[in-house]
$ cat final33.cif   # mmCIF, C-alpha atoms and all ligand atoms
data_run
loop_
_atom_site.group_PDB
_atom_site.id
_atom_site.type_symbol
_atom_site.label_atom_id
_atom_site.label_comp_id
_atom_site.auth_asym_id
_atom_site.auth_seq_id
_atom_site.Cartn_x
_atom_site.Cartn_y
_atom_site.Cartn_z
ATOM 1 C CA MET E 20 -165.115 -72.256 4.974
ATOM 2 C CA SER E 21 -161.466 -71.555 5.600
ATOM 3 C CA GLU E 22 -161.623 -67.842 4.798
ATOM 4 C CA HIS E 23 -163.377 -67.426 8.150
ATOM 5 C CA ALA E 24 -160.954 -69.576 10.148
ATOM 6 C CA SER E 25 -160.285 -67.991 13.516
ATOM 7 C CA TRP E 26 -156.787 -66.791 14.316
ATOM 8 C CA ASP E 27 -154.990 -66.820 17.653
ATOM 9 C CA PRO E 28 -152.063 -64.361 17.736
ATOM 10 C CA THR E 29 -150.454 -66.061 20.733
ATOM 11 C CA ALA E 30 -150.498 -69.532 19.184
ATOM 12 C CA TYR E 31 -149.319 -68.142 15.847
ATOM 13 C CA GLY E 32 -146.516 -66.212 17.577
ATOM 14 C CA ARG E 33 -144.881 -69.455 18.734
ATOM 15 C CA PHE E 34 -142.069 -70.652 16.429
ATOM 16 C CA ALA E 35 -141.552 -66.965 15.587
ATOM 17 C CA ALA E 36 -138.027 -67.513 14.237
ATOM 18 C CA GLU E 37 -139.167 -70.274 11.872
ATOM 19 C CA ARG E 38 -142.186 -68.320 10.683
ATOM 20 C CA SER E 39 -140.280 -65.065 10.099
ATOM 21 C CA ARG E 40 -137.535 -66.531 7.916
ATOM 22 C CA PRO E 41 -139.585 -66.916 4.673
ATOM 23 C CA PHE E 42 -140.731 -63.291 5.013
ATOM 24 C CA ALA E 43 -137.096 -62.170 5.175
ATOM 25 C CA ASP E 44 -136.139 -64.415 2.241
ATOM 26 C CA LEU E 45 -139.013 -62.988 0.202
ATOM 27 C CA LEU E 46 -138.174 -59.408 1.059
ATOM 28 C CA ALA E 47 -134.529 -59.930 0.121
ATOM 29 C CA GLN E 48 -135.607 -60.118 -3.534
ATOM 30 C CA VAL E 49 -137.468 -56.784 -3.467
ATOM 31 C CA HIS E 50 -134.823 -54.383 -4.700
ATOM 32 C CA THR E 51 -135.997 -50.894 -3.895
ATOM 33 C CA ASP E 52 -134.312 -48.398 -1.592
ATOM 34 C CA ASP E 53 -136.858 -45.773 -0.720
ATOM 35 C CA PRO E 54 -140.459 -46.746 -1.488
ATOM 36 C CA ALA E 55 -143.165 -44.226 -0.605
ATOM 37 C CA LEU E 56 -145.939 -46.723 0.092
ATOM 38 C CA VAL E 57 -145.641 -50.362 1.160
ATOM 39 C CA VAL E 58 -148.672 -52.601 1.735
ATOM 40 C CA ASP E 59 -148.677 -55.935 3.584
ATOM 41 C CA LEU E 60 -151.759 -57.974 2.625
ATOM 42 C CA GLY E 61 -152.683 -60.551 5.295
ATOM 43 C CA CYS E 62 -150.382 -58.808 7.766
ATOM 44 C CA GLY E 63 -151.410 -60.994 10.693
ATOM 45 C CA HIS E 64 -150.423 -59.973 14.210
ATOM 46 C CA GLY E 65 -147.875 -57.421 13.082
ATOM 47 C CA PRO E 66 -144.216 -58.296 13.755
ATOM 48 C CA ALA E 67 -143.342 -58.887 10.109
ATOM 49 C CA THR E 68 -145.131 -55.705 8.996
ATOM 50 C CA LEU E 69 -143.250 -53.674 11.579
ATOM 51 C CA THR E 70 -139.933 -54.836 10.109
ATOM 52 C CA LEU E 71 -141.001 -53.157 6.844
ATOM 53 C CA GLY E 72 -141.069 -49.850 8.712
ATOM 54 C CA GLU E 73 -137.555 -50.491 9.986
ATOM 55 C CA LEU E 74 -136.274 -51.446 6.542
ATOM 56 C CA TRP E 75 -137.859 -48.429 4.847
ATOM 57 C CA PRO E 76 -138.029 -45.681 7.492
ATOM 58 C CA ASN E 77 -139.474 -43.057 5.122
ATOM 59 C CA ALA E 78 -142.265 -45.236 3.767
ATOM 60 C CA ARG E 79 -145.934 -45.115 4.610
ATOM 61 C CA ILE E 80 -146.734 -48.699 5.698
ATOM 62 C CA VAL E 81 -150.220 -50.213 5.540
ATOM 63 C CA GLY E 82 -151.134 -53.635 6.971
ATOM 64 C CA VAL E 83 -154.390 -55.258 5.830
ATOM 65 C CA ASP E 84 -155.990 -58.306 7.441
ATOM 66 C CA ALA E 85 -159.469 -59.780 7.882
ATOM 67 C CA SER E 86 -158.963 -60.933 11.466
ATOM 68 C CA GLU E 87 -159.815 -58.414 14.176
ATOM 69 C CA ALA E 88 -157.975 -60.594 16.744
ATOM 70 C CA MET E 89 -154.761 -60.426 14.693
ATOM 71 C CA LEU E 90 -155.133 -56.673 14.104
ATOM 72 C CA GLU E 91 -155.790 -55.996 17.770
ATOM 73 C CA SER E 92 -152.545 -57.748 18.602
ATOM 74 C CA ALA E 93 -150.744 -55.827 15.836
ATOM 75 C CA ARG E 94 -151.986 -52.464 17.121
ATOM 76 C CA ALA E 95 -150.846 -53.371 20.632
ATOM 77 C CA LEU E 96 -147.396 -54.282 19.299
ATOM 78 C CA ASP E 97 -147.176 -51.044 17.311
ATOM 79 C CA GLY E 98 -147.120 -48.661 20.265
ATOM 80 C CA ALA E 99 -145.613 -45.894 18.129
ATOM 81 C CA GLY E 100 -148.404 -46.115 15.550
ATOM 82 C CA ARG E 101 -145.889 -46.694 12.757
ATOM 83 C CA VAL E 102 -148.289 -48.739 10.603
ATOM 84 C CA GLU E 103 -151.820 -48.029 9.355
ATOM 85 C CA TRP E 104 -153.761 -51.199 10.260
ATOM 86 C CA VAL E 105 -156.805 -51.865 8.077
ATOM 87 C CA GLN E 106 -159.429 -54.555 8.500
ATOM 88 C CA ALA E 107 -160.508 -55.946 5.137
ATOM 89 C CA GLU E 108 -161.233 -59.195 3.354
ATOM 90 C CA LEU E 109 -158.661 -59.387 0.548
ATOM 91 C CA ARG E 110 -161.193 -60.282 -2.129
ATOM 92 C CA ALA E 111 -163.059 -57.087 -1.289
ATOM 93 C CA TRP E 112 -160.044 -54.854 -0.605
ATOM 94 C CA ASP E 113 -159.695 -52.044 -3.152
ATOM 95 C CA PRO E 114 -156.146 -50.734 -3.749
ATOM 96 C CA ALA E 115 -157.723 -47.379 -4.664
ATOM 97 C CA SER E 116 -158.590 -47.044 -0.959
ATOM 98 C CA LEU E 117 -154.888 -46.292 -0.380
ATOM 99 C CA GLY E 118 -155.203 -42.976 -2.203
ATOM 100 C CA GLN E 119 -151.809 -43.401 -3.879
ATOM 101 C CA ALA E 120 -150.116 -46.108 -5.929
ATOM 102 C CA PRO E 121 -148.150 -48.580 -3.782
ATOM 103 C CA ASP E 122 -144.485 -49.169 -4.576
ATOM 104 C CA VAL E 123 -144.438 -52.542 -2.836
ATOM 105 C CA ILE E 124 -147.228 -55.038 -2.196
ATOM 106 C CA ILE E 125 -146.153 -57.984 -0.086
ATOM 107 C CA THR E 126 -148.318 -60.921 0.918
ATOM 108 C CA ASN E 127 -146.739 -63.615 3.029
ATOM 109 C CA SER E 128 -148.332 -66.938 3.933
ATOM 110 C CA THR E 129 -151.832 -65.667 3.289
ATOM 111 C CA LEU E 130 -153.037 -66.351 -0.270
ATOM 112 C CA GLN E 131 -153.552 -70.057 0.499
ATOM 113 C CA TRP E 132 -156.601 -68.898 2.488
ATOM 114 C CA VAL E 133 -158.029 -66.785 -0.331
ATOM 115 C CA PRO E 134 -160.109 -68.568 -2.971
ATOM 116 C CA GLY E 135 -159.303 -67.502 -6.527
ATOM 117 C CA HIS E 136 -156.256 -65.553 -5.414
ATOM 118 C CA LEU E 137 -154.574 -65.611 -8.836
ATOM 119 C CA ASP E 138 -157.328 -63.355 -10.158
ATOM 120 C CA LEU E 139 -156.595 -60.793 -7.471
ATOM 121 C CA LEU E 140 -153.058 -60.333 -8.751
ATOM 122 C CA ASP E 141 -154.372 -58.531 -11.848
ATOM 123 C CA ALA E 142 -155.772 -55.628 -9.833
ATOM 124 C CA TRP E 143 -152.797 -55.518 -7.495
ATOM 125 C CA VAL E 144 -150.226 -55.297 -10.309
ATOM 126 C CA GLU E 145 -152.423 -52.762 -12.080
ATOM 127 C CA ALA E 146 -152.451 -50.651 -8.907
ATOM 128 C CA LEU E 147 -148.660 -50.688 -8.469
ATOM 129 C CA ALA E 148 -146.644 -47.562 -9.239
ATOM 130 C CA PRO E 149 -144.420 -47.911 -12.335
ATOM 131 C CA GLY E 150 -141.440 -50.049 -11.364
ATOM 132 C CA GLY E 151 -143.323 -51.254 -8.280
ATOM 133 C CA TRP E 152 -142.958 -54.700 -6.705
ATOM 134 C CA LEU E 153 -145.361 -57.506 -5.880
ATOM 135 C CA ALA E 154 -143.933 -60.196 -3.593
ATOM 136 C CA LEU E 155 -145.807 -63.300 -2.493
ATOM 137 C CA GLN E 156 -145.103 -66.469 -0.561
ATOM 138 C CA VAL E 157 -147.452 -69.417 -0.056
ATOM 139 C CA PRO E 158 -146.923 -72.772 1.647
ATOM 140 C CA GLY E 159 -146.409 -75.596 -0.804
ATOM 141 C CA ASN E 160 -146.848 -78.375 1.728
ATOM 142 C CA PHE E 161 -150.415 -79.568 1.247
ATOM 143 C CA ASP E 162 -149.221 -83.081 0.400
ATOM 144 C CA ALA E 163 -146.872 -83.214 3.403
ATOM 145 C CA PRO E 164 -147.706 -85.764 6.139
ATOM 146 C CA SER E 165 -148.941 -82.958 8.443
ATOM 147 C CA HIS E 166 -151.716 -82.054 6.006
ATOM 148 C CA ARG E 167 -152.353 -85.467 4.471
ATOM 149 C CA LEU E 168 -152.839 -86.969 7.949
ATOM 150 C CA MET E 169 -155.158 -84.104 8.846
ATOM 151 C CA ARG E 170 -157.405 -84.927 5.879
ATOM 152 C CA GLU E 171 -157.238 -88.678 6.560
ATOM 153 C CA THR E 172 -158.153 -88.211 10.231
ATOM 154 C CA ALA E 173 -161.000 -85.886 9.225
ATOM 155 C CA ASP E 174 -162.294 -88.596 6.869
ATOM 156 C CA GLN E 175 -162.678 -90.958 9.839
ATOM 157 C CA HIS E 176 -164.512 -88.452 12.061
ATOM 158 C CA GLU E 177 -168.279 -88.413 12.574
ATOM 159 C CA ARG E 178 -168.340 -84.877 11.119
ATOM 160 C CA ALA E 179 -166.234 -85.892 8.117
ATOM 161 C CA GLY E 180 -168.400 -83.993 5.631
ATOM 162 C CA GLU E 181 -167.981 -80.595 7.269
ATOM 163 C CA LEU E 182 -164.318 -81.175 8.079
ATOM 164 C CA GLY E 183 -163.555 -82.292 4.541
ATOM 165 C CA ALA E 184 -165.205 -79.179 3.122
ATOM 166 C CA ALA E 185 -163.330 -76.916 5.531
ATOM 167 C CA LEU E 186 -159.999 -78.509 4.649
ATOM 168 C CA ASP E 187 -160.624 -78.226 0.933
ATOM 169 C CA LEU E 188 -158.390 -75.183 0.669
ATOM 170 C CA PRO E 189 -157.964 -73.178 -2.502
ATOM 171 C CA ALA E 190 -155.075 -74.588 -4.508
ATOM 172 C CA VAL E 191 -151.805 -72.722 -4.378
ATOM 173 C CA GLY E 192 -149.633 -72.438 -7.446
ATOM 174 C CA GLU E 193 -146.204 -73.788 -8.233
ATOM 175 C CA PRO E 194 -143.331 -71.327 -8.789
ATOM 176 C CA ALA E 195 -143.932 -71.610 -12.556
ATOM 177 C CA THR E 196 -147.635 -70.781 -12.067
ATOM 178 C CA TYR E 197 -146.807 -67.433 -10.506
ATOM 179 C CA LEU E 198 -143.913 -66.784 -12.875
ATOM 180 C CA ARG E 199 -146.158 -67.223 -15.912
ATOM 181 C CA TYR E 200 -149.055 -65.302 -14.409
ATOM 182 C CA LEU E 201 -147.051 -62.283 -13.258
ATOM 183 C CA THR E 202 -145.071 -62.220 -16.516
ATOM 184 C CA ARG E 203 -148.350 -62.029 -18.427
ATOM 185 C CA LEU E 204 -149.316 -59.076 -16.217
ATOM 186 C CA GLY E 205 -146.205 -57.200 -17.328
ATOM 187 C CA CYS E 206 -143.745 -58.028 -14.555
ATOM 188 C CA ALA E 207 -140.134 -59.165 -14.603
ATOM 189 C CA VAL E 208 -140.405 -62.163 -12.312
ATOM 190 C CA SER E 209 -138.238 -64.227 -10.022
ATOM 191 C CA ALA E 210 -139.945 -67.363 -8.671
ATOM 192 C CA TRP E 211 -138.521 -70.172 -6.585
ATOM 193 C CA GLU E 212 -139.218 -72.721 -3.892
ATOM 194 C CA THR E 213 -137.456 -73.574 -0.643
ATOM 195 C CA THR E 214 -137.919 -76.485 1.713
ATOM 196 C CA TYR E 215 -136.963 -75.368 5.198
ATOM 197 C CA LEU E 216 -135.938 -78.154 7.541
ATOM 198 C CA HIS E 217 -137.245 -76.719 10.781
ATOM 199 C CA VAL E 218 -135.881 -78.154 14.013
ATOM 200 C CA LEU E 219 -138.746 -77.886 16.476
ATOM 201 C CA ASP E 220 -138.516 -78.114 20.260
ATOM 202 C CA ALA E 221 -134.769 -78.752 20.497
ATOM 203 C CA ALA E 222 -135.124 -78.414 24.291
ATOM 204 C CA ASP E 223 -137.482 -81.416 24.386
ATOM 205 C CA GLU E 224 -140.189 -79.601 26.311
ATOM 206 C CA GLU E 225 -143.293 -80.932 24.604
ATOM 207 C CA ASP E 226 -144.636 -84.161 23.166
ATOM 208 C CA ASN E 227 -145.837 -82.989 19.823
ATOM 209 C CA PRO E 228 -144.423 -79.695 18.530
ATOM 210 C CA VAL E 229 -145.721 -80.322 14.995
ATOM 211 C CA LEU E 230 -149.227 -80.425 16.433
ATOM 212 C CA SER E 231 -148.576 -77.081 18.159
ATOM 213 C CA TRP E 232 -147.370 -75.647 14.845
ATOM 214 C CA VAL E 233 -150.364 -76.727 12.760
ATOM 215 C CA ALA E 234 -152.849 -75.890 15.541
ATOM 216 C CA ALA E 235 -151.988 -72.225 14.948
ATOM 217 C CA THR E 236 -152.470 -72.374 11.170
ATOM 218 C CA GLY E 237 -153.637 -75.260 8.989
ATOM 219 C CA LEU E 238 -155.711 -76.894 11.726
ATOM 220 C CA ARG E 239 -157.726 -73.733 12.517
ATOM 221 C CA PRO E 240 -160.714 -74.713 10.333
ATOM 222 C CA VAL E 241 -160.960 -78.069 12.154
ATOM 223 C CA LEU E 242 -160.737 -76.475 15.597
ATOM 224 C CA ASP E 243 -163.407 -73.952 14.603
ATOM 225 C CA ILE E 244 -165.824 -76.778 13.753
ATOM 226 C CA LEU E 245 -165.022 -79.167 16.607
ATOM 227 C CA THR E 246 -165.910 -76.971 19.559
ATOM 228 C CA GLU E 247 -167.290 -79.738 21.812
ATOM 229 C CA ASP E 248 -164.700 -81.554 23.956
ATOM 230 C CA ASP E 249 -165.616 -85.105 22.955
ATOM 231 C CA GLU E 250 -165.731 -84.477 19.220
ATOM 232 C CA ARG E 251 -162.476 -82.537 19.382
ATOM 233 C CA THR E 252 -160.805 -85.356 21.311
ATOM 234 C CA ALA E 253 -162.066 -87.858 18.749
ATOM 235 C CA PHE E 254 -160.058 -85.937 16.165
ATOM 236 C CA MET E 255 -157.043 -84.793 18.153
ATOM 237 C CA GLU E 256 -156.082 -88.106 19.742
ATOM 238 C CA PRO E 257 -155.618 -90.070 16.508
ATOM 239 C CA TYR E 258 -154.197 -87.055 14.665
ATOM 240 C CA ALA E 259 -151.592 -86.413 17.385
ATOM 241 C CA ALA E 260 -150.595 -90.088 17.343
ATOM 242 C CA HIS E 261 -150.203 -90.075 13.537
ATOM 243 C CA LEU E 262 -148.103 -86.880 13.694
ATOM 244 C CA ALA E 263 -145.841 -88.272 16.405
ATOM 245 C CA GLU E 264 -145.190 -91.294 14.205
ATOM 246 C CA ALA E 265 -144.611 -89.229 11.053
ATOM 247 C CA TYR E 266 -142.327 -86.717 12.809
ATOM 248 C CA PRO E 267 -140.292 -88.678 15.388
ATOM 249 C CA ARG E 268 -137.877 -86.926 17.718
ATOM 250 C CA SER E 269 -134.251 -86.928 16.541
ATOM 251 C CA PRO E 270 -131.233 -86.165 18.745
ATOM 252 C CA VAL E 271 -131.457 -82.474 17.776
ATOM 253 C CA GLY E 272 -135.233 -82.039 18.026
ATOM 254 C CA VAL E 273 -138.254 -82.798 15.852
ATOM 255 C CA LEU E 274 -137.428 -82.288 12.179
ATOM 256 C CA PHE E 275 -140.276 -80.632 10.278
ATOM 257 C CA PRO E 276 -139.668 -80.108 6.540
ATOM 258 C CA PHE E 277 -141.749 -77.245 5.186
ATOM 259 C CA ARG E 278 -141.895 -76.378 1.487
ATOM 260 C CA ARG E 279 -142.738 -72.826 0.466
ATOM 261 C CA VAL E 280 -143.290 -71.193 -2.908
ATOM 262 C CA PHE E 281 -142.126 -67.630 -3.626
ATOM 263 C CA ALA E 282 -142.624 -65.149 -6.449
ATOM 264 C CA VAL E 283 -141.471 -61.552 -6.802
ATOM 265 C CA GLY E 284 -142.485 -59.437 -9.777
ATOM 266 C CA GLN E 285 -141.352 -55.950 -10.733
ATOM 267 C CA LYS E 286 -143.834 -54.064 -12.850
ATOM 268 C CA THR E 287 -142.174 -53.126 -16.116
ATOM 269 C CA THR E 288 -145.185 -51.427 -17.669
ATOM 270 C CA ALA E 289 -146.547 -47.997 -16.752
HETATM 271 C C1 LIG E 301 -150.565 -67.411 8.363
HETATM 272 S S1 LIG E 301 -151.058 -65.775 8.755
HETATM 273 C C2 LIG E 301 -149.719 -64.835 8.043
HETATM 274 C C3 LIG E 301 -149.525 -63.514 8.722
HETATM 275 C C4 LIG E 301 -148.315 -62.701 8.275
HETATM 276 N N1 LIG E 301 -148.376 -62.365 6.860
HETATM 277 C C5 LIG E 301 -147.003 -63.415 8.572
HETATM 278 O O1 LIG E 301 -146.237 -63.653 7.654
HETATM 279 O O2 LIG E 301 -146.753 -63.705 9.747
HETATM 280 C C6 LIG E 301 -152.360 -65.514 7.586
HETATM 281 C C7 LIG E 301 -153.123 -64.215 7.806
HETATM 282 O O3 LIG E 301 -153.978 -64.041 6.667
HETATM 283 C C8 LIG E 301 -155.197 -63.498 7.116
HETATM 284 N N2 LIG E 301 -156.208 -63.844 6.117
HETATM 285 C C9 LIG E 301 -156.591 -65.075 5.731
HETATM 286 N N3 LIG E 301 -157.527 -64.992 4.782
HETATM 287 C C10 LIG E 301 -157.738 -63.679 4.559
HETATM 288 C C11 LIG E 301 -158.581 -62.974 3.685
HETATM 289 N N4 LIG E 301 -159.406 -63.602 2.856
HETATM 290 N N5 LIG E 301 -158.552 -61.611 3.728
HETATM 291 C C12 LIG E 301 -157.719 -60.953 4.581
HETATM 292 N N6 LIG E 301 -156.887 -61.597 5.420
HETATM 293 C C13 LIG E 301 -156.893 -62.936 5.417
HETATM 294 C C14 LIG E 301 -155.437 -64.153 8.454
HETATM 295 O O4 LIG E 301 -156.331 -63.399 9.237
HETATM 296 C C15 LIG E 301 -154.028 -64.213 9.030
HETATM 297 O O5 LIG E 301 -153.736 -63.100 9.808
#
$ encode --input "final33.cif" --output "structure tokens" --more "lines below"
Ligand SMILES: C[S@@+](CC[C@H](N)C(=O)[O-])C[C@H]1O[C@@H](n2cnc3c(N)ncnc32)[C@H](O)[C@@H]1O
Amino acid sequence: MSEHASWDPTAYGRFAAERSRPFADLLAQVHTDDPALVVDLGCGHGPATLTLGELWPNARIVGVDASEAMLESARALDGAGRVEWVQAELRAWDPASLGQAPDVIITNSTLQWVPGHLDLLDAWVEALAPGGWLALQVPGNFDAPSHRLMRETADQHERAGELGAALDLPAVGEPATYLRYLTRLGCAVSAWETTYLHVLDAADEEDNPVLSWVAATGLRPVLDILTEDDERTAFMEPYAAHLAEAYPRSPVGVLFPFRRVFAVGQKTTA
């Protein structure tokens, strides 16, 4: 199941500018000057978490992630030991383990991998210090050609059953879903969506940059299952051809629209 999808920090680190922008846009709506404790849930390989330390130099920063490969990369990047890196599955992670109430909980591009993630928000808001902030961003692109074609190609594969199950990701909410949910938990909420029009591979150096993008994220469950060369080829060849058709090269590069859903709540109750 997708919660155990493998992660490759190097592959994920490609398109760093495109991947870091939603984190910055999310953070821009967290209006606090000097938080004592900031937690990044699903911190990944570290660069985004390290920017939290730069933004709030006095804060204790904790990064939590299930993937040892991502955390290893994060620790290597954090030579100064600025961040406390913690390995934990988010459904099992206990905010009480922090030993103090967090002022900011941020989770960027992660909750789409966590089944039943709405339920987790209850405990996270409860754990926040009074006036604390919960900020989340999830992709809202599961009906985009990149993902639809992935499911359709999986349907045609000899291991369609397993692939279909692995691609049956937990649903993410709409902006209104998170706005209603966090409001009910006692937050003042701002929720919105943005469709980024990424321009990939402007230098025209590779055939299929959209394939490179998804191979580091949404395609991980497929790659984890199809470990044999021939069965992987039987998926990748048709999928790459469908992607190339759906995302043709334009004079400026390959245009890749990517919708994302954001919500930021400030706890108004004690
Ligand atoms: C797409 S990456 C996002 C990383 C980082 N937040 C960023 O913005 O670059 C998703 C991360 O969520 C982690 N993850 C996925 N499911 C998880 C879970 N159930 N518990 C903890 N971490 C999880 C993965 O290991 C991965 O590092």
$ residues_near_ligand --input "final33.cif" --ligand "ligand LIG 301 (chain E)" --cutoff "7 Å" --atoms "all atoms listed in the file" --output "list in words"
Glu22, Trp26, Arg38, Ser39, Phe42, Leu60, Gly61, Cys62, Gly63, His64, Ala67, Val83, Asp84, Ala85, Ser86, Met89, Ala107, Glu108, Leu109, Arg110, Thr126, Asn127, Ser128, Thr129, Leu130, Trp132, Val133 and Thr236 of chain E
$ write_last_selection --input "final33.cif" --atoms "C-alpha atoms" --output "mmCIF file, keeping the file's coordinate frame"
data_model
loop_
_atom_site.group_PDB
_atom_site.id
_atom_site.type_symbol
_atom_site.label_atom_id
_atom_site.label_comp_id
_atom_site.auth_asym_id
_atom_site.auth_seq_id
_atom_site.Cartn_x
_atom_site.Cartn_y
_atom_site.Cartn_z
ATOM 1 C CA GLU E 22 -161.623 -67.842 4.798
ATOM 2 C CA TRP E 26 -156.787 -66.791 14.316
ATOM 3 C CA ARG E 38 -142.186 -68.320 10.683
ATOM 4 C CA SER E 39 -140.280 -65.065 10.099
ATOM 5 C CA PHE E 42 -140.731 -63.291 5.013
ATOM 6 C CA LEU E 60 -151.759 -57.974 2.625
ATOM 7 C CA GLY E 61 -152.683 -60.551 5.295
ATOM 8 C CA CYS E 62 -150.382 -58.808 7.766
ATOM 9 C CA GLY E 63 -151.410 -60.994 10.693
ATOM 10 C CA HIS E 64 -150.423 -59.973 14.210
ATOM 11 C CA ALA E 67 -143.342 -58.887 10.109
ATOM 12 C CA VAL E 83 -154.390 -55.258 5.830
ATOM 13 C CA ASP E 84 -155.990 -58.306 7.441
ATOM 14 C CA ALA E 85 -159.469 -59.780 7.882
ATOM 15 C CA SER E 86 -158.963 -60.933 11.466
ATOM 16 C CA MET E 89 -154.761 -60.426 14.693
ATOM 17 C CA ALA E 107 -160.508 -55.946 5.137
ATOM 18 C CA GLU E 108 -161.233 -59.195 3.354
ATOM 19 C CA LEU E 109 -158.661 -59.387 0.548
ATOM 20 C CA ARG E 110 -161.193 -60.282 -2.129
ATOM 21 C CA THR E 126 -148.318 -60.921 0.918
ATOM 22 C CA ASN E 127 -146.739 -63.615 3.029
ATOM 23 C CA SER E 128 -148.332 -66.938 3.933
ATOM 24 C CA THR E 129 -151.832 -65.667 3.289
ATOM 25 C CA LEU E 130 -153.037 -66.351 -0.270
ATOM 26 C CA TRP E 132 -156.601 -68.898 2.488
ATOM 27 C CA VAL E 133 -158.029 -66.785 -0.331
ATOM 28 C CA THR E 236 -152.470 -72.374 11.170
#
$ residues_near_point --input "final33.cif" --point "(-138.7, -45.4, -0.8)" --cutoff "8 Å" --atoms "only C-alpha atoms" --output "PyMOL selection string"
chain E and resi 51-56+75+77-78+122
$ resolve_selection --input "final33.cif" --expression "the PyMOL selection byres (((chain E and resi 177) around 12) and not hetatm)" --output "ChimeraX atom specification"
/E:172-176,178-183,244-245,249-254
$ resolve_selection --input "final33.cif" --expression "the PyMOL selection byres (((chain E and resi 124) around 9) and not hetatm)" --output "PyMOL selection string"
chain E and resi 56-60+121-123+125-126+143-144+147+151-155
$ resolve_selection --input "final33.cif" --expression "the PyMOL selection byres (((chain E and resi 194-202) around 10) and not hetatm)" --output "number ranges by chain"
E: 137-138, 140-141, 144, 153, 155-157, 159, 191-193, 203-212, 279-287
$ closest_residue --input "final33.cif" --among "E:Val218, E:Ala184, E:Ala190, E:Ala30" --to "Pro270 in chain E" --atoms "all atoms listed in the file"
E:Val218
$ residues_around --input "final33.cif" --residues "Glu37 in chain E" --least-positions-apart "4" --cutoff "12 Å" --atoms "all atoms listed in the file" --output "list in words"
Tyr31, Gly32, Arg33, Pro41, Phe42, Ala43, Asp44, Thr214, Tyr215, Leu216, His217, Val218, Leu219, Asp220, Trp232, Phe275, Pro276 and Phe277 of chain E
$ write_last_selection --input "final33.cif" --atoms "C-alpha atoms" --output "mmCIF file, keeping the file's coordinate frame"
data_model
loop_
_atom_site.group_PDB
_atom_site.id
_atom_site.type_symbol
_atom_site.label_atom_id
_atom_site.label_comp_id
_atom_site.auth_asym_id
_atom_site.auth_seq_id
_atom_site.Cartn_x
_atom_site.Cartn_y
_atom_site.Cartn_z
ATOM 1 C CA TYR E 31 -149.319 -68.142 15.847
ATOM 2 C CA GLY E 32 -146.516 -66.212 17.577
ATOM 3 C CA ARG E 33 -144.881 -69.455 18.734
ATOM 4 C CA PRO E 41 -139.585 -66.916 4.673
ATOM 5 C CA PHE E 42 -140.731 -63.291 5.013
ATOM 6 C CA ALA E 43 -137.096 -62.170 5.175
ATOM 7 C CA ASP E 44 -136.139 -64.415 2.241
ATOM 8 C CA THR E 214 -137.919 -76.485 1.713
ATOM 9 C CA TYR E 215 -136.963 -75.368 5.198
ATOM 10 C CA LEU E 216 -135.938 -78.154 7.541
ATOM 11 C CA HIS E 217 -137.245 -76.719 10.781
ATOM 12 C CA VAL E 218 -135.881 -78.154 14.013
ATOM 13 C CA LEU E 219 -138.746 -77.886 16.476
ATOM 14 C CA ASP E 220 -138.516 -78.114 20.260
ATOM 15 C CA TRP E 232 -147.370 -75.647 14.845
ATOM 16 C CA PHE E 275 -140.276 -80.632 10.278
ATOM 17 C CA PRO E 276 -139.668 -80.108 6.540
ATOM 18 C CA PHE E 277 -141.749 -77.245 5.186
#
$ residues_around --input "final33.cif" --residues "Val273 in chain E" --least-positions-apart "4" --cutoff "12 Å" --atoms "all atoms listed in the file" --output "list in words"
Leu216, His217, Val218, Leu219, Asp220, Ala221, Ala222, Asp223, Glu224, Glu225, Asp226, Asn227, Pro228, Val229, Leu230, Trp232, Leu262, Ala263, Glu264, Ala265, Tyr266, Pro267, Arg268 and Ser269 of chain E
$ residues_near_point --input "final33.cif" --point "(-160.6, -73.9, 12.2)" --cutoff "8 Å" --atoms "all atoms listed in the file" --output "PyMOL selection string"
chain E and resi 21+24-25+185+237-244
$ write_last_selection --input "final33.cif" --atoms "C-alpha atoms" --output "PDB file, keeping the file's coordinate frame"
ATOM      1  CA  SER E  21    -161.466 -71.555   5.600  1.00  0.00           C
ATOM      2  CA  ALA E  24    -160.954 -69.576  10.148  1.00  0.00           C
ATOM      3  CA  SER E  25    -160.285 -67.991  13.516  1.00  0.00           C
ATOM      4  CA  ALA E 185    -163.330 -76.916   5.531  1.00  0.00           C
ATOM      5  CA  GLY E 237    -153.637 -75.260   8.989  1.00  0.00           C
ATOM      6  CA  LEU E 238    -155.711 -76.894  11.726  1.00  0.00           C
ATOM      7  CA  ARG E 239    -157.726 -73.733  12.517  1.00  0.00           C
ATOM      8  CA  PRO E 240    -160.714 -74.713  10.333  1.00  0.00           C
ATOM      9  CA  VAL E 241    -160.960 -78.069  12.154  1.00  0.00           C
ATOM     10  CA  LEU E 242    -160.737 -76.475  15.597  1.00  0.00           C
ATOM     11  CA  ASP E 243    -163.407 -73.952  14.603  1.00  0.00           C
ATOM     12  CA  ILE E 244    -165.824 -76.778  13.753  1.00  0.00           C
TER      13      ILE E 244
END
$ atom_distance --input "final33.cif" --atom1 "CA of Glu145 in chain E" --atom2 "CA of Ala115 in chain E"
10.6 Å
$ atom_distance --input "final33.cif" --atom1 "CA of Val102 in chain E" --atom2 "CA of Leu90 in chain E"
11.0 Å
$ atom_distance --input "final33.cif" --atom1 "CA of Ala163 in chain E" --atom2 "CA of Ala47 in chain E"
26.6 Å
$ closest_residue --input "final33.cif" --among "E:Asp113, E:Asp27, E:Glu73, E:Asp187" --to "Glu91 in chain E" --atoms "only C-alpha atoms"
E:Asp27
$ closest_residue --input "final33.cif" --among "E:Leu188, E:Val233, E:Leu117, E:Ala142" --to "Tyr258 in chain E" --atoms "only C-alpha atoms"
E:Val233
$ axis_aligned_box --input "final33.cif" --around "range 154-168 of chain E" --padding-each-side "3 Å" --output "AutoDock Vina command-line options"
--center_x -148.4 --center_y -73.6 --center_z 2.4 --size_x 14.9 --size_y 32.8 --size_z 18.0
